[in-house]
Each structure stands twice: as C-alpha cells, then as structure tokens.
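K.L.:
Have a peek at run05.cif (mmCIF, C-alpha atoms).
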```cif
data_entry
loop_
_atom_site.label_atom_id
_atom_site.label_comp_id
_atom_site.auth_asym_id
_atom_site.auth_seq_id
_atom_site.Cartn_x
_atom_site.Cartn_y
_atom_site.Cartn_z
CA MET E 1 0.00 0.00 0.00
CA SER E 2 1.39 3.40 -0.98
CA ASN E 3 1.81 6.12 1.62
CA PRO E 4 -0.91 8.81 1.72
CA ARG E 5 0.02 11.89 -0.30
CA ILE E 6 -2.30 14.23 1.64
CA THR E 7 -1.53 15.04 5.26
CA LEU E 8 -4.09 15.38 8.04
CA GLU E 9 -3.24 19.08 8.26
CA GLN E 10 -4.17 19.56 4.62
CA TRP E 11 -7.46 17.70 5.10
CA ARG E 12 -8.09 19.84 8.19
CA ALA E 13 -7.54 22.95 6.10
CA LEU E 14 -10.18 21.79 3.60
CA GLN E 15 -12.64 21.03 6.38
CA ALA E 16 -12.10 24.44 7.95
CA VAL E 17 -12.60 26.29 4.67
CA VAL E 18 -15.87 24.49 4.00
CA GLU E 19 -17.27 24.76 7.52
CA SER E 20 -16.12 28.33 8.13
CA GLY E 21 -17.54 29.57 4.85
CA GLY E 22 -14.33 30.77 3.22
CA TYR E 23 -10.55 31.04 3.40
CA ALA E 24 -10.46 34.21 5.47
CA GLN E 25 -12.82 32.81 8.14
CA ALA E 26 -10.95 29.50 8.20
CA ALA E 27 -7.61 31.23 8.59
CA GLU E 28 -8.95 33.11 11.59
CA ALA E 29 -10.39 29.93 13.14
CA LEU E 30 -7.16 27.95 12.71
CA HIS E 31 -4.84 30.90 13.46
CA LYS E 32 -3.06 30.43 10.16
CA SER E 33 -2.49 32.66 7.18
CA GLN E 34 -5.00 32.64 4.35
CA SER E 35 -2.23 31.83 1.89
CA THR E 36 -1.29 28.71 3.88
CA LEU E 37 -4.84 27.35 3.63
CA THR E 38 -5.12 28.26 -0.04
CA TYR E 39 -1.89 26.40 -0.77
CA ALA E 40 -3.10 23.33 1.20
CA VAL E 41 -6.35 23.09 -0.76
CA GLN E 42 -4.61 23.68 -4.08
CA LYS E 43 -2.10 20.92 -3.26
CA ILE E 44 -4.97 18.47 -2.64
CA GLU E 45 -6.44 19.40 -6.02
CA ARG E 46 -3.08 19.04 -7.77
CA LEU E 47 -2.11 15.71 -6.18
CA LEU E 48 -5.54 14.11 -6.69
CA GLY E 49 -6.34 15.71 -10.03
CA VAL E 50 -9.76 17.01 -8.98
CA LYS E 51 -11.41 20.40 -8.68
CA ILE E 52 -12.74 21.00 -5.18
CA PHE E 53 -14.38 24.42 -5.53
CA GLU E 54 -16.06 26.22 -8.42
CA ILE E 55 -17.23 29.81 -8.66
CA ARG E 56 -20.96 30.42 -8.85
CA GLY E 57 -21.72 34.09 -9.03
CA ARG E 58 -19.49 35.63 -6.39
CA LYS E 59 -19.33 32.54 -4.21
CA ALA E 60 -17.05 29.50 -4.25
CA VAL E 61 -19.01 26.29 -3.73
CA LEU E 62 -18.01 22.64 -3.55
CA THR E 63 -18.06 20.57 -6.69
CA ASP E 64 -19.54 17.09 -6.50
CA ALA E 65 -16.05 15.67 -6.13
CA GLY E 66 -15.19 18.32 -3.57
CA ASP E 67 -18.24 17.41 -1.52
CA VAL E 68 -17.18 13.77 -1.44
CA LEU E 69 -13.65 14.71 -0.43
CA TYR E 70 -14.93 17.03 2.31
CA ARG E 71 -17.18 14.36 3.83
CA ARG E 72 -14.44 11.72 3.66
CA ALA E 73 -11.90 14.14 5.12
CA LYS E 74 -14.24 14.96 8.01
CA SER E 75 -14.69 11.27 8.77
CA LEU E 76 -10.93 10.70 8.54
CA LEU E 77 -10.21 13.53 10.98
CA GLU E 78 -12.84 12.26 13.41
CA ASP E 79 -11.31 8.79 13.30
CA ALA E 80 -7.86 10.24 13.93
CA ALA E 81 -9.15 12.20 16.93
CA THR E 82 -10.90 9.09 18.29
CA LEU E 83 -7.70 7.09 17.88
CA GLU E 84 -5.70 9.66 19.82
CA ARG E 85 -8.30 9.93 22.61
CA GLY E 86 -8.51 6.16 22.88
CA ALA E 87 -4.74 5.79 23.13
CA ALA E 88 -4.66 8.50 25.79
CA ASP E 89 -7.41 6.76 27.78
CA MET E 90 -5.52 3.47 27.63
CA ALA E 91 -2.50 5.20 29.12
CA LYS E 92 -4.52 6.40 32.11
CA GLU E 93 -4.52 4.30 35.24
CA TRP E 94 -8.20 4.87 36.09
CA GLN E 95 -10.95 7.40 35.45
CA PRO E 96 -12.86 9.08 38.28
CA GLU E 97 -16.38 8.20 37.10
CA ILE E 98 -18.16 5.49 35.14
CA ARG E 99 -21.60 6.05 33.62
CA ILE E 100 -23.73 3.05 32.72
CA ALA E 101 -27.14 2.79 31.06
CA VAL E 102 -29.03 -0.33 32.12
CA GLU E 103 -32.26 -1.58 30.57
CA ILE E 104 -34.68 -2.27 33.42
CA LEU E 105 -35.06 -5.86 32.18
CA TYR E 106 -31.63 -6.57 33.68
CA PRO E 107 -32.03 -7.85 37.27
CA THR E 108 -31.42 -5.06 39.77
CA TRP E 109 -29.94 -7.39 42.37
CA LEU E 110 -27.41 -8.65 39.81
CA LEU E 111 -26.39 -5.15 38.75
CA LEU E 112 -25.82 -4.13 42.36
CA GLU E 113 -23.72 -7.23 42.99
CA CYS E 114 -21.55 -6.33 39.98
CA LEU E 115 -21.12 -2.75 41.16
CA SER E 116 -20.36 -3.93 44.69
CA GLU E 117 -17.59 -6.21 43.44
CA PHE E 118 -16.12 -3.39 41.35
CA ALA E 119 -16.31 -1.00 44.32
CA LYS E 120 -14.12 -3.33 46.38
CA GLU E 121 -11.37 -2.83 43.82
CA ARG E 122 -12.03 0.83 43.07
CA PRO E 123 -13.92 2.41 46.01
CA GLU E 124 -12.98 5.94 44.89
CA THR E 125 -14.58 5.60 41.44
CA ARG E 126 -17.98 7.29 41.17
CA ILE E 127 -20.72 5.23 39.54
CA GLU E 128 -23.70 6.81 37.81
CA VAL E 129 -26.45 4.41 36.75
CA PHE E 130 -29.21 5.37 34.31
CA GLU E 131 -32.16 2.98 34.36
CA THR E 132 -33.43 2.96 30.80
CA VAL E 133 -36.19 1.42 28.70
CA LEU E 134 -35.94 0.32 25.04
CA THR E 135 -34.47 3.04 22.79
CA GLY E 136 -33.31 5.13 25.75
CA THR E 137 -30.39 2.76 26.24
CA GLU E 138 -29.03 2.98 22.70
CA GLU E 139 -29.71 6.72 22.60
CA MET E 140 -27.48 7.39 25.62
CA LEU E 141 -24.77 5.10 24.26
CA GLY E 142 -24.87 6.64 20.79
CA GLN E 143 -24.72 10.18 22.14
CA GLY E 144 -21.69 9.41 24.29
CA GLU E 145 -23.54 9.99 27.55
CA VAL E 146 -22.48 6.64 29.04
CA ASP E 147 -19.37 4.48 29.00
CA LEU E 148 -21.17 1.17 28.69
CA ALA E 149 -24.72 -0.06 28.35
CA ILE E 150 -26.89 -3.10 28.88
CA GLY E 151 -29.81 -3.08 26.46
CA SER E 152 -32.14 -5.11 24.30
CA GLN E 153 -32.26 -5.64 20.57
CA ALA E 154 -35.75 -4.14 20.58
CA GLY E 155 -34.17 -0.95 21.86
CA GLY E 156 -31.48 -0.97 19.18
CA THR E 157 -28.57 -1.95 21.43
CA ALA E 158 -25.86 -3.90 19.61
CA GLY E 159 -23.03 -5.66 21.40
CA ALA E 160 -22.06 -8.99 22.90
CA THR E 161 -24.94 -11.20 24.00
CA LEU E 162 -25.18 -11.04 27.78
CA MET E 163 -28.21 -13.05 28.90
CA PRO E 164 -31.66 -14.23 27.84
CA VAL E 165 -34.79 -12.71 29.35
CA ARG E 166 -38.22 -14.28 29.66
CA GLY E 167 -41.41 -12.32 30.19
CA ILE E 168 -44.73 -13.88 31.09
CA ALA E 169 -48.27 -12.54 30.78
CA VAL E 170 -49.76 -12.03 34.24
CA ALA E 171 -52.70 -10.45 36.02
CA HIS E 172 -54.22 -10.45 39.51
CA PRO E 173 -56.02 -13.77 40.21
CA LYS E 174 -59.35 -11.91 40.45
CA HIS E 175 -58.85 -10.03 37.18
CA PRO E 176 -61.71 -10.65 34.69
CA LEU E 177 -59.33 -12.43 32.30
CA HIS E 178 -58.78 -15.16 34.90
CA GLN E 179 -62.52 -15.57 35.36
CA LEU E 180 -63.17 -16.66 31.77
CA GLY E 181 -62.12 -20.20 32.62
CA ARG E 182 -60.60 -21.00 29.23
CA PRO E 183 -57.49 -20.36 27.13
CA LEU E 184 -57.32 -16.68 26.20
CA THR E 185 -57.02 -15.15 22.74
CA GLU E 186 -55.69 -11.83 21.47
CA ARG E 187 -59.28 -10.63 21.17
CA ASP E 188 -59.79 -11.30 24.89
CA LEU E 189 -56.72 -9.22 25.75
CA LYS E 190 -57.81 -6.26 23.61
CA ARG E 191 -60.91 -5.85 25.76
CA HIS E 192 -58.86 -5.17 28.88
CA GLY E 193 -56.28 -2.61 29.93
CA ARG E 194 -52.58 -3.35 29.60
CA ILE E 195 -49.77 -1.80 31.65
CA PHE E 196 -46.59 -0.57 29.91
CA VAL E 197 -43.36 0.99 31.09
CA ARG E 198 -42.51 4.14 29.12
CA ASP E 199 -39.67 4.13 26.59
CA THR E 200 -37.00 6.50 27.96
CA GLY E 201 -35.70 7.51 24.51
CA THR E 202 -36.31 11.22 23.92
CA GLN E 203 -36.74 10.71 20.19
CA SER E 204 -38.94 7.65 20.49
CA GLN E 205 -42.28 7.73 18.74
CA ARG E 206 -42.99 4.11 19.52
CA GLU E 207 -46.66 3.21 19.44
CA VAL E 208 -48.15 -0.10 20.50
CA GLN E 209 -50.27 -1.24 17.60
CA GLY E 210 -53.75 -2.49 18.42
CA VAL E 211 -53.65 -1.59 22.11
CA GLU E 212 -56.33 0.99 22.81
CA LEU E 213 -56.75 0.29 26.51
CA ARG E 214 -53.42 0.94 28.18
CA TRP E 215 -51.72 2.68 31.04
CA THR E 216 -48.11 3.82 30.65
CA VAL E 217 -45.94 4.31 33.73
CA SER E 218 -42.34 5.34 34.26
CA ASN E 219 -40.84 2.56 36.36
CA LYS E 220 -41.14 -1.15 36.93
CA ALA E 221 -42.25 -0.95 40.56
CA THR E 222 -45.32 1.05 39.52
CA SER E 223 -46.14 -1.38 36.73
CA ILE E 224 -45.96 -4.35 39.10
CA ARG E 225 -48.09 -2.60 41.71
CA ALA E 226 -50.71 -1.64 39.11
CA VAL E 227 -50.99 -5.20 37.82
CA SER E 228 -51.03 -6.60 41.38
CA MET E 229 -53.95 -4.28 42.19
CA GLY E 230 -55.94 -5.68 39.28
CA LEU E 231 -55.72 -2.50 37.21
CA GLY E 232 -54.58 -4.31 34.10
CA PHE E 233 -52.42 -7.12 32.75
CA ALA E 234 -48.85 -7.08 31.49
CA TRP E 235 -45.94 -9.14 30.23
CA LEU E 236 -43.39 -8.91 33.05
CA PRO E 237 -39.96 -10.51 33.45
CA GLU E 238 -39.89 -13.40 35.93
CA ASP E 239 -37.00 -11.76 37.78
CA TRP E 240 -39.31 -8.87 38.68
CA ILE E 241 -42.26 -10.77 40.06
CA GLY E 242 -40.99 -13.81 41.95
CA ASP E 243 -42.38 -12.54 45.26
CA GLU E 244 -45.79 -11.73 43.75
CA LEU E 245 -46.09 -15.11 42.05
CA ARG E 246 -45.23 -16.93 45.27
CA ALA E 247 -47.61 -14.77 47.29
CA GLY E 248 -50.40 -15.29 44.77
CA THR E 249 -50.98 -11.61 44.03
CA LEU E 250 -50.03 -12.29 40.41
CA LYS E 251 -50.97 -15.30 38.32
CA PRO E 252 -49.87 -16.25 34.78
CA LEU E 253 -52.57 -15.78 32.18
CA PRO E 254 -53.65 -18.95 30.33
CA LEU E 255 -53.01 -17.62 26.84
CA ARG E 256 -53.66 -19.94 23.92
CA SER E 257 -50.39 -18.72 22.42
CA GLY E 258 -47.78 -16.09 23.23
CA ALA E 259 -47.93 -16.43 27.02
CA GLU E 260 -44.13 -16.12 27.08
CA ARG E 261 -41.91 -13.57 25.38
CA ARG E 262 -38.21 -14.26 25.09
CA GLY E 263 -35.34 -12.06 24.07
CA ASP E 264 -31.72 -11.23 24.86
CA LEU E 265 -29.85 -8.46 26.60
CA TYR E 266 -26.54 -7.18 25.21
CA LEU E 267 -23.51 -5.52 26.77
CA ALA E 268 -22.04 -2.70 24.70
CA ILE E 269 -19.04 -0.46 25.39
CA ALA E 270 -19.07 3.10 24.05
CA ASP E 271 -15.57 2.72 22.58
CA PRO E 272 -14.95 -1.03 22.22
CA ASP E 273 -11.61 -0.51 20.50
CA PHE E 274 -10.20 1.62 23.31
CA PRO E 275 -12.04 0.91 26.55
CA SER E 276 -10.46 2.54 29.57
CA ARG E 277 -9.02 0.21 32.16
CA ASP E 278 -11.86 0.57 34.65
CA VAL E 279 -14.65 0.34 32.06
CA ALA E 280 -13.09 -2.85 30.73
CA ARG E 281 -12.86 -4.23 34.27
CA LEU E 282 -16.49 -3.44 35.10
CA ALA E 283 -17.61 -5.02 31.82
CA GLU E 284 -15.58 -8.12 32.71
CA ILE E 285 -17.30 -8.34 36.11
CA ILE E 286 -20.75 -7.94 34.56
CA ARG E 287 -20.07 -10.67 32.00
CA ALA E 288 -18.71 -13.08 34.61
CA ARG E 289 -21.47 -12.57 37.17
CA THR E 290 -24.20 -12.73 34.56
CA ALA E 291 -22.77 -15.94 33.12
CA GLU E 292 -22.73 -17.40 36.63
CA ARG E 293 -26.35 -16.43 37.13
CA CYS E 294 -27.33 -17.97 33.79
CA ARG E 295 -25.72 -21.26 34.79
CA GLY E 296 -28.42 -21.57 37.41
CA HIS E 297 -26.60 -20.52 40.57
CA ALA E 298 -28.82 -19.48 43.46
CA LYS E 299 -29.80 -15.84 43.41
CA PRO E 300 -31.40 -13.54 45.99
CA LYS E 301 -34.89 -12.20 45.53
CA GLU E 302 -35.41 -9.13 43.39
CA ARG E 303 -35.76 -6.10 45.60
CA ARG E 304 -37.57 -3.03 44.37
CA ARG E 305 -38.47 -1.15 47.53
#
```
Would you write the structure of this file as structure tokens?
P.N.:
Amino acid sequence: MSNPRITLEQWRALQAVVESGGYAQAAEALHKSQSTLTYAVQKIERLLGVKIFEIRGRKAVLTDAGDVLYRRAKSLLEDAATLERGAADMAKEWQPEIRIAVEILYPTWLLLECLSEFAKERPETRIEVFETVLTGTEEMLGQGEVDLAIGSQAGGTAGATLMPVRGIAVAHPKHPLHQLGRPLTERDLKRHGRIFVRDTGTQSQREVQGVELRWTVSNKATSIRAVSMGLGFAWLPEDWIGDELRAGTLKPLPLRSGAERRGDLYLAIADPDFPSRDVARLAEIIRARTAERCRGHAKPKERRR
C-alpha cells in the first residue's frame, strides 16, 4: 500500500474552509495565514487531479467531487481524533467516574452485585447508573452519555450477548381475564387494559399497535403494583415478580399462544476498541457474574423497595 500523499493538516484545512464559509474565516479559526490554507487546498487538487471548488456568481461552492472529499476528510479527521483519545485513555490508570445505562429488564440485584464487586477494587470511582427502557439505552450510548450499556435488541442496542430474558403474561387472580375459565385469545386481551413501562428515549415515537386500553408508567415498581392491584395485565420478566407469584398476588394468564416472550440483553461499550481500564474491568465483572447467574446458581430475591 502506498503512503498517503495528503496530510491530516491539509485535510483539516479543507474542512475548515468548508465549515467556516471561506478562506479568510478559516484562517482566523485555525490561526493560520490565508495563503497557507489556499496552498493546502490547491495541493490536494493538484495531487488528486480534482477540482474542489467552483465559482458560482461571487461565491465558491463545492463541486460534486469536492463534496465527497470534504465528507471523507471529516470522517478521517474524526477517526484520527478518536484514535488519539482512545490511546490516551488506555495510558490512564483509572478514570474518576463510570456512567452506565441499564435496561430495566436486567435484574437489579445482579447489577448491584456487579457494582459492589467493582467498588471493592475501586472504592474511589464514582458510579452513575441510568435505568433505561428500550431506545433510551441505545440513545445514551450513541450520544456518548455513558461508557457502557446493557440493552435489548428491541431498543437498538448492539453488542455482545449477555443473557436471555423471559417475560410472562400475568394479572391479579381476580382479574376478569382469569374468570373466563378457558385459554385466552388476542381478542380477549384487547378488551382489557394493559400496563406498559414508558420508553426513555427522547426521540422515540414508539406506538403499540392495536392496544387501545393501556396505562403507561415510568418505572417497573409502579407497573408491578398496578398489575397486582388488578388495574390491568402485562408481560413482566420473571425476575421482577418472583415474590408476587409466590404470594399469589399475580398469576400467569392462560393464553392460547404467546404467554411467554423471550429475548436477549446485550452488553455494549461506548468505545470497544479503546475501553479505559476501569470500564473494561467493570464489563468483565458484569459478564462473569451474569454468566454465573445464567448457569443456574442461586440468586437472591429481586428487591424493588
């Protein structure tokens, strides 16, 4: 492979000229002379044999080729900056704070055990946990607001598979659906209210098709309480409702089909190529403890209160 003929500084000059609106403005932004930037852009044109700008009226605008080069140059410069930041983070011993977005489907008791184990090694590291729902997880990860995330495929989270989740349709034993005395159909469900937990994504426009009767709440404890009071039915993860099932305040619905809903949770790191030392360590703990849980080891009851 031949060595690149255009330097990062020359690509940066092109980016600055485009984004600043001209050579004079770019020169001021980069604290360089206008002639230096003009020479850099002209050298790109000469070495690559393309015309980057053309004059339209009194204004210089990008040609089609120039637009492609600008967008590619911007991506190249962003990658270079990411590479440098990642290398710098790897050189650090530890960072003072870790932010993690966790889909509420992930067992709370298990998350706290993971954080407790990490805290024994790094008690001075601050931990900030964001409890998210569906697209809220991927949104925080994509916007760089968290260092790592546990989310579902339904919410758009992509990463290494962490654990399966199983939700079951439940209602209070005295709910009208339990009084029908037969296997239930989708038509039966549509006649009764369903409880949802709100998607935390700010851009989400998710609508539940075919569900006219519904309540939407903001946290899992409220959803469980509402269903336990007979205010509706819901599909709830088994990890949430063990106490209620044992106490008899919730009972699985006898659906003809679809009584269970299965999926997977994923662990994703904001910068998987250059994870900082502590983020990598916390991710390692989460993977190990979750794998242990999935092998069927005894676990404490889910605590919400």
K.L.:
I'd like the residues picked by the PyMOL selection byres ((chain E and resi 131) around 7) written out as a PyMOL selection string, using the chain letters and numbers from the file.
P.N.:
chain E and resi 101-104+129-130+132
K.L.:
Smallest atom-to-atom distance to Ala80 of chain E: which of E:Leu189, E:Glu9, E:Ala280, E:Tyr266, using all atoms listed in the file?
P.N.:
E:Glu9
K.L.:
Given all atoms listed in the file as the basis, pick out the residue of E:Ser223, E:Ser228, E:Thr249, E:Thr161 nearest to Ala268 of chain E.
P.N.:
E:Thr161
K.L.:
Dig up all the protein and nucleic acid residues within 9 Å of (-32.1, 7.8, 24.5) in the file frame, using all atoms listed in the file, and format them as a list of chain:residue names.
P.N.:
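Output: E:Thr132, E:Val133, E:Leu134, E:Thr135, E:Gly136, E:Thr137, E:Glu138, E:Glu139, E:Met140, E:Leu141, E:Gly142, E:Gln143, E:Asp199, E:Thr200, E:Gly201, E:Thr202, E:Gln203, E:Ser204.
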K.L.:
Tell me which residues the PyMOL selection byres ((chain E and resi 152) around 8) grabs here, as a PyMOL selection string.
P.N.:
chain E and resi 103+134+150-151+153-158+263-266
K.L.:
At most 12 Å from (-44.4, -14.5, 41.7), file frame, all atoms listed in the file: which residues, as JSON, numbers by chain?
P.N.:
{"E": [168, 169, 170, 171, 172, 173, 224, 228, 236, 237, 238, 239, 240, 241, 242, 243, 244, 245, 246, 247, 248, 249, 250, 251, 252, 301, 302]}
